[in-house]
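Enquirer: Okay, so here is start.cif, and as you'll see once you scroll down, it has mmCIF, C-alpha atoms.
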```cif
data_data
#
loop_
_atom_site.group_PDB
_atom_site.id
_atom_site.type_symbol
_atom_site.label_atom_id
_atom_site.label_comp_id
_atom_site.auth_asym_id
_atom_site.auth_seq_id
_atom_site.Cartn_x
_atom_site.Cartn_y
_atom_site.Cartn_z
ATOM 1 C CA MET C 1 -3.218 15.662 -19.014
ATOM 2 C CA PRO C 2 -5.563 12.651 -18.746
ATOM 3 C CA LYS C 3 -9.322 13.152 -18.882
ATOM 4 C CA SER C 4 -10.202 9.680 -17.619
ATOM 5 C CA LEU C 5 -8.937 6.968 -15.285
ATOM 6 C CA TYR C 6 -9.588 3.264 -14.780
ATOM 7 C CA VAL C 7 -10.812 2.257 -11.339
ATOM 8 C CA SER C 8 -11.779 -1.110 -9.882
ATOM 9 C CA ARG C 9 -13.562 0.067 -6.753
ATOM 10 C CA VAL C 10 -14.502 3.336 -5.051
ATOM 11 C CA ALA C 11 -15.936 2.781 -1.578
ATOM 12 C CA HIS C 12 -15.417 3.045 2.143
ATOM 13 C CA HIS C 13 -12.751 0.571 3.263
ATOM 14 C CA TYR C 14 -12.338 -0.444 6.904
ATOM 15 C CA TRP C 15 -9.427 -2.887 6.915
ATOM 16 C CA GLU C 16 -6.364 -0.679 6.748
ATOM 17 C CA GLU C 17 -4.221 0.066 9.798
ATOM 18 C CA PRO C 18 -6.176 1.698 12.673
ATOM 19 C CA VAL C 19 -4.495 5.066 12.111
ATOM 20 C CA ILE C 20 -5.772 5.059 8.503
ATOM 21 C CA SER C 21 -9.253 3.508 8.767
ATOM 22 C CA GLY C 22 -10.180 4.510 12.300
ATOM 23 C CA LYS C 23 -13.875 4.133 13.101
ATOM 24 C CA LYS C 24 -15.286 5.753 9.966
ATOM 25 C CA GLY C 25 -13.077 4.026 7.412
ATOM 26 C CA THR C 26 -11.074 5.450 4.549
ATOM 27 C CA VAL C 27 -12.583 6.348 1.191
ATOM 28 C CA ALA C 28 -10.560 4.017 -1.019
ATOM 29 C CA VAL C 29 -10.013 4.436 -4.746
ATOM 30 C CA PHE C 30 -8.601 1.199 -6.171
ATOM 31 C CA PHE C 31 -6.975 1.833 -9.537
ATOM 32 C CA THR C 32 -6.718 -0.793 -12.253
ATOM 33 C CA GLY C 33 -3.143 -1.884 -13.014
ATOM 34 C CA CYS C 34 0.099 -2.048 -11.024
ATOM 35 C CA THR C 35 3.797 -1.284 -11.431
ATOM 36 C CA LEU C 36 4.741 -4.785 -10.218
ATOM 37 C CA ASP C 37 3.899 -8.304 -11.387
ATOM 38 C CA CYS C 38 3.946 -10.316 -8.145
ATOM 39 C CA ILE C 39 3.346 -14.020 -8.664
ATOM 40 C CA TYR C 40 1.366 -14.166 -5.398
ATOM 41 C CA CYS C 41 -0.825 -11.094 -5.976
ATOM 42 C CA GLN C 42 -4.251 -11.497 -4.345
ATOM 43 C CA ASN C 43 -5.677 -8.641 -6.423
ATOM 44 C CA ARG C 44 -4.563 -9.942 -9.810
ATOM 45 C CA GLU C 45 -8.007 -9.423 -11.322
ATOM 46 C CA ILE C 46 -7.474 -5.680 -11.104
ATOM 47 C CA SER C 47 -3.682 -5.453 -11.199
ATOM 48 C CA HIS C 48 -3.177 -7.363 -14.458
ATOM 49 C CA ASN C 49 -6.500 -8.704 -15.746
ATOM 50 C CA ASN C 50 -7.890 -5.203 -16.306
ATOM 51 C CA LEU C 51 -11.037 -5.616 -14.244
ATOM 52 C CA GLY C 52 -12.525 -2.192 -13.679
ATOM 53 C CA ARG C 53 -14.317 0.717 -15.299
ATOM 54 C CA LYS C 54 -13.419 3.920 -17.070
ATOM 55 C CA VAL C 55 -14.398 7.172 -15.375
ATOM 56 C CA THR C 56 -13.690 10.781 -16.152
ATOM 57 C CA ILE C 57 -11.879 12.789 -13.523
ATOM 58 C CA ASP C 58 -15.000 14.886 -12.972
ATOM 59 C CA GLU C 59 -17.104 11.743 -12.461
ATOM 60 C CA LEU C 60 -14.595 10.337 -9.996
ATOM 61 C CA ALA C 61 -14.495 13.659 -8.155
ATOM 62 C CA LYS C 62 -18.264 13.485 -7.655
ATOM 63 C CA GLU C 63 -18.093 9.869 -6.424
ATOM 64 C CA VAL C 64 -15.312 10.601 -3.973
ATOM 65 C CA THR C 65 -16.933 13.794 -2.687
ATOM 66 C CA LEU C 66 -20.221 11.971 -2.067
ATOM 67 C CA LEU C 67 -18.438 9.326 0.008
ATOM 68 C CA LEU C 68 -16.339 11.858 1.917
ATOM 69 C CA ASP C 69 -19.481 13.816 2.765
ATOM 70 C CA LYS C 70 -20.843 10.694 4.475
ATOM 71 C CA GLY C 71 -17.824 10.738 6.789
ATOM 72 C CA ALA C 72 -14.358 9.230 6.571
ATOM 73 C CA GLU C 73 -11.042 9.348 8.380
ATOM 74 C CA SER C 74 -8.981 9.638 5.191
ATOM 75 C CA LEU C 75 -8.895 9.371 1.403
ATOM 76 C CA SER C 76 -6.753 6.533 0.017
ATOM 77 C CA PHE C 77 -5.429 6.039 -3.492
ATOM 78 C CA ILE C 78 -4.461 2.380 -3.968
ATOM 79 C CA THR C 79 -1.945 1.261 -6.642
ATOM 80 C CA PRO C 80 -1.965 4.839 -7.946
ATOM 81 C CA SER C 81 1.538 5.242 -9.404
ATOM 82 C CA HIS C 82 0.509 5.148 -13.081
ATOM 83 C CA TYR C 83 -2.164 7.830 -12.589
ATOM 84 C CA THR C 84 -0.203 10.572 -10.854
ATOM 85 C CA ASN C 85 -1.284 13.408 -13.149
ATOM 86 C CA GLY C 86 -4.936 12.411 -12.925
ATOM 87 C CA ILE C 87 -4.765 12.203 -9.141
ATOM 88 C CA ILE C 88 -3.330 15.709 -8.959
ATOM 89 C CA GLN C 89 -6.192 16.990 -11.133
ATOM 90 C CA LEU C 90 -8.694 15.178 -8.926
ATOM 91 C CA LEU C 91 -7.253 16.643 -5.729
ATOM 92 C CA ASP C 92 -7.291 20.127 -7.229
ATOM 93 C CA ILE C 93 -11.019 19.680 -7.830
ATOM 94 C CA ILE C 94 -12.110 18.175 -4.513
ATOM 95 C CA SER C 95 -9.636 19.790 -2.057
ATOM 96 C CA PRO C 96 -10.214 17.118 0.637
ATOM 97 C CA THR C 97 -10.119 18.115 4.291
ATOM 98 C CA VAL C 98 -9.085 14.626 5.480
ATOM 99 C CA PRO C 99 -5.555 13.202 5.131
ATOM 100 C CA VAL C 100 -4.709 11.937 1.639
ATOM 101 C CA VAL C 101 -3.033 8.507 1.594
ATOM 102 C CA TYR C 102 -0.855 7.231 -1.263
ATOM 103 C CA ASN C 103 -1.017 3.435 -0.914
ATOM 104 C CA THR C 104 1.664 2.183 -3.284
ATOM 105 C CA SER C 105 3.816 -0.807 -4.147
ATOM 106 C CA GLY C 106 6.765 1.470 -3.411
ATOM 107 C CA PHE C 107 8.209 0.916 -6.875
ATOM 108 C CA ASP C 108 7.931 4.620 -7.704
ATOM 109 C CA SER C 109 10.222 7.024 -9.500
ATOM 110 C CA ILE C 110 11.546 10.086 -7.703
ATOM 111 C CA GLU C 111 10.198 12.217 -10.553
ATOM 112 C CA THR C 112 6.681 10.904 -9.933
ATOM 113 C CA LEU C 113 6.891 11.466 -6.189
ATOM 114 C CA LYS C 114 8.166 15.027 -6.524
ATOM 115 C CA LYS C 115 5.038 15.889 -8.533
ATOM 116 C CA LEU C 116 2.964 14.794 -5.549
ATOM 117 C CA GLU C 117 4.717 16.918 -2.944
ATOM 118 C CA GLY C 118 2.147 19.057 -1.166
ATOM 119 C CA TYR C 119 -0.736 16.853 -2.302
ATOM 120 C CA ILE C 120 -0.041 13.702 -0.283
ATOM 121 C CA ASP C 121 -0.184 13.675 3.515
ATOM 122 C CA ILE C 122 0.599 10.005 4.124
ATOM 123 C CA TYR C 123 2.683 7.601 2.084
ATOM 124 C CA LEU C 124 1.893 3.919 2.592
ATOM 125 C CA PRO C 125 4.499 1.991 0.558
ATOM 126 C CA ASP C 126 5.484 -1.651 0.621
ATOM 127 C CA LEU C 127 9.064 -2.718 1.084
ATOM 128 C CA LYS C 128 8.582 -6.303 -0.015
ATOM 129 C CA TYR C 129 12.183 -7.408 -0.403
ATOM 130 C CA SER C 130 15.565 -6.626 1.097
ATOM 131 C CA ASN C 131 17.389 -7.166 -2.201
ATOM 132 C CA ASN C 132 17.032 -6.874 -5.953
ATOM 133 C CA ASP C 133 17.136 -10.623 -6.611
ATOM 134 C CA LEU C 134 13.841 -11.367 -4.876
ATOM 135 C CA GLY C 135 12.229 -8.448 -6.681
ATOM 136 C CA LEU C 136 13.113 -10.004 -10.009
ATOM 137 C CA LYS C 137 12.199 -13.513 -8.897
ATOM 138 C CA TYR C 138 8.788 -12.788 -7.404
ATOM 139 C CA SER C 139 7.688 -9.407 -8.808
ATOM 140 C CA ASN C 140 9.301 -9.491 -12.261
ATOM 141 C CA VAL C 141 11.123 -6.149 -11.939
ATOM 142 C CA ARG C 142 14.802 -5.281 -11.967
ATOM 143 C CA ASN C 143 16.512 -3.139 -9.317
ATOM 144 C CA TYR C 144 13.559 -3.485 -6.947
ATOM 145 C CA PHE C 145 15.356 -2.635 -3.719
ATOM 146 C CA ASP C 146 17.448 0.142 -5.258
ATOM 147 C CA ILE C 147 14.382 1.900 -6.671
ATOM 148 C CA THR C 148 12.012 1.309 -3.764
ATOM 149 C CA SER C 149 14.475 2.273 -1.038
ATOM 150 C CA LYS C 150 15.176 5.577 -2.813
ATOM 151 C CA ALA C 151 11.449 6.157 -3.254
ATOM 152 C CA ILE C 152 10.816 5.647 0.458
ATOM 153 C CA GLU C 153 13.617 8.074 1.260
ATOM 154 C CA GLU C 154 11.855 10.714 -0.851
ATOM 155 C CA MET C 155 8.518 9.955 0.810
ATOM 156 C CA VAL C 156 10.004 10.437 4.273
ATOM 157 C CA ARG C 157 11.659 13.670 3.156
ATOM 158 C CA GLN C 158 8.281 15.021 2.070
ATOM 159 C CA THR C 159 6.207 13.983 5.069
ATOM 160 C CA GLY C 160 8.616 14.178 7.972
ATOM 161 C CA LYS C 161 7.978 12.197 11.157
ATOM 162 C CA PRO C 162 4.539 10.645 11.688
ATOM 163 C CA VAL C 163 1.878 12.883 13.213
ATOM 164 C CA ILE C 164 -1.089 11.207 14.924
ATOM 165 C CA ASN C 165 -3.953 13.312 16.263
ATOM 166 C CA GLN C 166 -5.820 12.999 19.557
ATOM 167 C CA ASP C 167 -8.335 10.644 17.938
ATOM 168 C CA GLY C 168 -5.593 8.221 16.936
ATOM 169 C CA ILE C 169 -5.713 9.092 13.233
ATOM 170 C CA MET C 170 -2.529 9.648 11.271
ATOM 171 C CA GLU C 171 -2.406 13.124 9.751
ATOM 172 C CA LYS C 172 1.029 13.046 8.174
ATOM 173 C CA GLY C 173 3.976 10.702 7.752
ATOM 174 C CA THR C 174 5.186 7.533 6.059
ATOM 175 C CA MET C 175 4.240 4.020 7.108
ATOM 176 C CA VAL C 176 6.125 1.154 5.439
ATOM 177 C CA ARG C 177 4.526 -2.270 5.048
ATOM 178 C CA ASN C 178 6.065 -5.712 4.724
ATOM 179 C CA LEU C 179 4.174 -8.900 3.949
ATOM 180 C CA VAL C 180 5.789 -11.972 5.482
ATOM 181 C CA LEU C 181 6.208 -14.666 2.827
ATOM 182 C CA PRO C 182 6.425 -18.388 3.647
ATOM 183 C CA SER C 183 10.000 -19.694 3.763
ATOM 184 C CA HIS C 184 11.294 -16.094 3.710
ATOM 185 C CA THR C 185 11.501 -14.928 7.313
ATOM 186 C CA LYS C 186 15.088 -13.831 6.693
ATOM 187 C CA ASN C 187 13.881 -11.399 4.045
ATOM 188 C CA SER C 188 11.358 -9.736 6.364
ATOM 189 C CA ILE C 189 13.875 -9.517 9.195
ATOM 190 C CA GLU C 190 16.398 -7.874 6.869
ATOM 191 C CA VAL C 191 13.742 -5.358 5.803
ATOM 192 C CA ILE C 192 12.979 -4.571 9.448
ATOM 193 C CA ASN C 193 16.644 -4.148 10.329
ATOM 194 C CA TYR C 194 17.239 -1.889 7.334
ATOM 195 C CA LEU C 195 14.291 0.367 8.178
ATOM 196 C CA ALA C 196 15.179 0.505 11.868
ATOM 197 C CA GLU C 197 18.762 1.489 11.159
ATOM 198 C CA LYS C 198 17.949 4.063 8.484
ATOM 199 C CA TYR C 199 14.773 5.661 9.818
ATOM 200 C CA GLY C 200 14.039 4.693 13.418
ATOM 201 C CA ASP C 201 11.145 6.812 14.676
ATOM 202 C CA LYS C 202 10.928 8.793 11.418
ATOM 203 C CA ILE C 203 8.493 6.192 10.060
ATOM 204 C CA LEU C 204 5.846 3.745 11.196
ATOM 205 C CA PHE C 205 6.082 0.082 10.241
ATOM 206 C CA SER C 206 3.268 -2.350 9.497
ATOM 207 C CA LEU C 207 3.948 -6.083 9.597
ATOM 208 C CA MET C 208 1.436 -8.132 7.617
ATOM 209 C CA GLY C 209 0.622 -11.808 8.036
ATOM 210 C CA GLN C 210 -2.219 -12.034 5.509
ATOM 211 C CA TYR C 211 -0.351 -14.041 2.859
ATOM 212 C CA ILE C 212 -2.475 -16.517 0.885
ATOM 213 C CA PRO C 213 -1.030 -18.304 -2.172
ATOM 214 C CA TYR C 214 -2.615 -17.057 -5.386
ATOM 215 C CA GLY C 215 -1.884 -17.490 -9.073
ATOM 216 C CA ASP C 216 1.524 -18.915 -9.924
ATOM 217 C CA ALA C 217 2.428 -18.998 -6.230
ATOM 218 C CA LYS C 218 0.255 -22.096 -5.856
ATOM 219 C CA ASN C 219 2.811 -23.994 -7.945
ATOM 220 C CA ASN C 220 5.867 -22.551 -6.203
ATOM 221 C CA LYS C 221 7.371 -24.923 -3.625
ATOM 222 C CA LYS C 222 8.297 -22.075 -1.287
ATOM 223 C CA LEU C 223 5.182 -19.946 -1.676
ATOM 224 C CA ASN C 224 2.357 -22.493 -2.013
ATOM 225 C CA ARG C 225 1.145 -22.247 1.599
ATOM 226 C CA LYS C 226 0.210 -19.743 4.282
ATOM 227 C CA ILE C 227 2.901 -18.705 6.735
ATOM 228 C CA THR C 228 3.159 -20.676 9.951
ATOM 229 C CA LYS C 229 2.682 -19.301 13.441
ATOM 230 C CA ARG C 230 6.360 -20.011 14.109
ATOM 231 C CA GLU C 231 7.454 -18.050 11.042
ATOM 232 C CA TYR C 232 5.316 -15.068 11.941
ATOM 233 C CA GLU C 233 6.403 -15.038 15.569
ATOM 234 C CA LYS C 234 10.044 -15.094 14.482
ATOM 235 C CA VAL C 235 9.568 -11.978 12.365
ATOM 236 C CA LEU C 236 7.348 -10.354 14.979
ATOM 237 C CA SER C 237 10.091 -10.815 17.566
ATOM 238 C CA ALA C 238 12.533 -9.008 15.282
ATOM 239 C CA PHE C 239 10.023 -6.181 14.855
ATOM 240 C CA GLU C 240 9.465 -5.853 18.595
ATOM 241 C CA SER C 241 13.182 -5.655 19.316
ATOM 242 C CA SER C 242 13.968 -3.295 16.424
ATOM 243 C CA GLY C 243 12.788 -0.073 18.035
ATOM 244 C CA LEU C 244 10.387 0.632 15.168
ATOM 245 C CA ASN C 245 6.901 1.861 16.021
ATOM 246 C CA GLY C 246 3.857 0.530 14.229
ATOM 247 C CA TYR C 247 1.396 -2.299 13.838
ATOM 248 C CA CYS C 248 1.157 -6.027 13.233
ATOM 249 C CA GLN C 249 -1.681 -8.132 11.888
ATOM 250 C CA GLU C 250 -3.187 -11.199 13.452
ATOM 251 C CA LEU C 251 -2.564 -14.377 11.467
ATOM 252 C CA SER C 252 -6.343 -14.713 11.155
ATOM 253 C CA SER C 253 -6.181 -11.855 8.634
ATOM 254 C CA ALA C 254 -4.997 -14.406 6.047
ATOM 255 C CA SER C 255 -8.546 -14.813 4.784
ATOM 256 C CA GLU C 256 -10.244 -14.187 1.450
ATOM 257 C CA LYS C 257 -13.063 -12.327 3.215
ATOM 258 C CA TYR C 258 -10.838 -9.238 3.375
ATOM 259 C CA ILE C 259 -10.492 -9.059 -0.418
ATOM 260 C CA PRO C 260 -13.023 -6.538 -1.796
ATOM 261 C CA GLU C 261 -15.464 -7.243 -4.599
ATOM 262 C CA TRP C 262 -14.334 -5.405 -7.712
ATOM 263 C CA ASP C 263 -16.406 -3.496 -10.245
ATOM 264 C CA SER C 264 -17.131 -6.037 -12.955
ATOM 265 C CA ASP C 265 -16.402 -4.353 -16.285
ATOM 266 C CA VAL C 266 -13.444 -5.876 -18.131
ATOM 267 C CA LEU C 267 -11.411 -3.283 -20.001
#
```
As a first step, turn the structure in this file into structure tokens.
Expert:
Amino acid sequence: MPKSLYVSRVAHHYWEEPVISGKKGTVAVFFTGCTLDCIYCQNREISHNNLGRKVTIDELAKEVTLLLDKGAESLSFITPSHYTNGIIQLLDIISPTVPVVYNTSGFDSIETLKKLEGYIDIYLPDLKYSNNDLGLKYSNVRNYFDITSKAIEEMVRQTGKPVINQDGIMEKGTMVRNLVLPSHTKNSIEVINYLAEKYGDKILFSLMGQYIPYGDAKNNKKLNRKITKREYEKVLSAFESSGLNGYCQELSSASEKYIPEWDSDVL
């Protein structure tokens, strides 16, 4: 079992969906590294450039507990898939009384997710693409849709239907995110239709319009711009008519001001 982890930020975070952040924010643990290699990743400094710091599990437990004691709606683990065993150890130590959120790319193995059963209250996966081809093209992984769709099925099995308390905070459930990409409204609409048909009210859905071209995406003819109002409204219309419940971002969220400052050690 691991004795240490690599984290890029541990702090209150206020910019998740309202049912996650609420008024007091979520205590967010951003882990260094990621299971995907998206050419448009806005967090590439931490996902692939190893920006972060090494902490022992006991040290991280103290940091998280201190922040939780100040007040928070939830505890969120962000890009956590490669640290499952360490997260379980951490949760055994701190025994949080707020909902625990697993904020993941969605590209998770069933074996990994089964280890987490009973520890995670809320799964917050992405479903970026409606097919395997786009997963290979833009995130450099094979069988993206096959793996992620099965992972989401396991997440929903574990959590059941969403539960939201009287204060508007999610206590249990799965909420699936999709980021609208420029020139790819068809992809997002196919994702929405798939989720609506398979899950209906068994999940929440979060439509994101925050895309900004980063990294190699700046040189990609289809991805080198923000999405247009027309593109977003087209996908939003599909969401509204799908029967799914959930949230949508304002296009103004496509701003660098929402990207956190990372801890500065380079591993």
Enquirer: Segment 71-83 of chain C: which residues within 7 Å, counting all atoms listed in the file, same-chain residues fewer than 3 positions away excluded, as a CSV table (one decimal) with C-alpha atoms, in the frame of the given file?
Expert:
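Result file follows (around23.csv):
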```csv
chain,number,residue,atom,x,y,z
C,20,ILE,CA,-5.8,5.1,8.5
C,21,SER,CA,-9.3,3.5,8.8
C,22,GLY,CA,-10.2,4.5,12.3
C,24,LYS,CA,-15.3,5.8,10.0
C,25,GLY,CA,-13.1,4.0,7.4
C,26,THR,CA,-11.1,5.4,4.5
C,27,VAL,CA,-12.6,6.3,1.2
C,28,ALA,CA,-10.6,4.0,-1.0
C,29,VAL,CA,-10.0,4.4,-4.7
C,30,PHE,CA,-8.6,1.2,-6.2
C,31,PHE,CA,-7.0,1.8,-9.5
C,34,CYS,CA,0.1,-2.0,-11.0
C,67,LEU,CA,-18.4,9.3,0.0
C,68,LEU,CA,-16.3,11.9,1.9
C,86,GLY,CA,-4.9,12.4,-12.9
C,87,ILE,CA,-4.8,12.2,-9.1
C,98,VAL,CA,-9.1,14.6,5.5
C,99,PRO,CA,-5.6,13.2,5.1
C,100,VAL,CA,-4.7,11.9,1.6
C,101,VAL,CA,-3.0,8.5,1.6
C,102,TYR,CA,-0.9,7.2,-1.3
C,103,ASN,CA,-1.0,3.4,-0.9
C,104,THR,CA,1.7,2.2,-3.3
C,105,SER,CA,3.8,-0.8,-4.1
C,108,ASP,CA,7.9,4.6,-7.7
```
Enquirer: Please write out, as JSON, where the centre of an axis-aligned box around all listed atoms of segment 240-251 of chain C lies and how long its edges are, in Å to one decimal, after adding 3 Å on each side.
Expert:
```
{"center_x": 5.4, "center_y": -6.3, "center_z": 15.4, "size_x": 23.2, "size_y": 22.2, "size_z": 13.8}
```
Enquirer: Evaluate the PyMOL selection byres ((chain C and resi 7) around 9) on the structure here and hand back the selected residues as a list in words.
Expert: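 Selected by the PyMOL selection byres ((chain C and resi 7) around 9) here: Leu5, Tyr6, Ser8, Arg9, Val10, Val29, Phe30, Phe31, Thr32, Gly33, Ile46, Leu51, Gly52, Arg53, Lys54, Val55 and Asp263 of chain C.
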Enquirer: When distances are computed from all atoms listed in the file, which of C:Ala217, C:Leu66, C:Leu236, C:Leu181 shows the smallest separation from Ala11 of chain C?
Expert: C:Leu66
Enquirer: To one decimal place in Å, what is the distance between atom CA of Pro213 of chain C and atom CA of Ala151 of chain C?
Expert: 27.5 Å
Enquirer: Of the residues C:Leu124, C:Val19, C:Leu90, C:Met208, which is the one nearest to Asn165 of chain C, using all atoms listed in the file?
Expert: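 Of C:Leu124, C:Val19, C:Leu90, C:Met208, the one nearest Asn165 of chain C, counting all atoms listed in the file, is C:Val19.
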Enquirer: Looking at C:Leu113, C:Ile147, C:Ala238, C:Leu244, which one is nearest to Gly200 of chain C, with distances taken over only C-alpha atoms?
Expert: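 Once distances to Gly200 of chain C are computed over only C-alpha atoms, the minimum belongs to C:Leu244.
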Enquirer: Would you compute the distance between atom CA of Asp146 of chain C and atom CA of Ile164 of chain C? Give it in Å to one decimal.
Expert: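 Straight-line distance from atom CA of Asp146 of chain C to atom CA of Ile164 of chain C works out to 29.6 Å.
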Enquirer: Tell me which of C:Lys23, C:Lys150, C:Lys115, C:Lys172 sits closest to Leu204 of chain C, counting only C-alpha atoms.
Expert: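 Closest candidate: C:Lys172.
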Enquirer: What does the distance from atom CA of Lys198 of chain C to atom CA of Ile152 of chain C come to in Å, to one decimal?
Expert: 10.9 Å
Enquirer: Under the rule of at most 12 Å, produce a per-residue listing of segment 129-209 of chain C near segment 219-225 of chain C: chain, number, name, the closest pair of atoms, and the distance in Å, as a tab-separated table, using all atoms listed in the file.
Expert:
```
residue	atom	partner	partner_atom	distance
C:Lys137	CA	C:Asn220	CA	11.4
C:Tyr138	CA	C:Leu223	CA	9.9
C:Val180	CA	C:Leu223	CA	10.7
C:Leu181	CA	C:Leu223	CA	7.0
C:Pro182	CA	C:Leu223	CA	5.7
C:Ser183	CA	C:Lys222	CA	5.8
C:His184	CA	C:Lys222	CA	8.4
C:Thr185	CA	C:Lys222	CA	11.6
```
Enquirer: Store the residues picked out above, limited to C-alpha atoms, as a compact mmCIF listing (two decimals), in the coordinates of the input.
Expert:
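See part.txt below for the written result:
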```txt
# COMPACT_ATOMS: atom_id res chain seq x y z
CA LYS C 137 12.20 -13.51 -8.90
CA TYR C 138 8.79 -12.79 -7.40
CA VAL C 180 5.79 -11.97 5.48
CA LEU C 181 6.21 -14.67 2.83
CA PRO C 182 6.42 -18.39 3.65
CA SER C 183 10.00 -19.69 3.76
CA HIS C 184 11.29 -16.09 3.71
CA THR C 185 11.50 -14.93 7.31
```
Enquirer: Would you kindly translate the PyMOL selection byres ((chain C and resi 189) around 10) into the concrete residues it picks from this file, as a PyMOL selection string?
Expert: chain C and resi 129-130+178+180+184-188+190-195+234-239+242
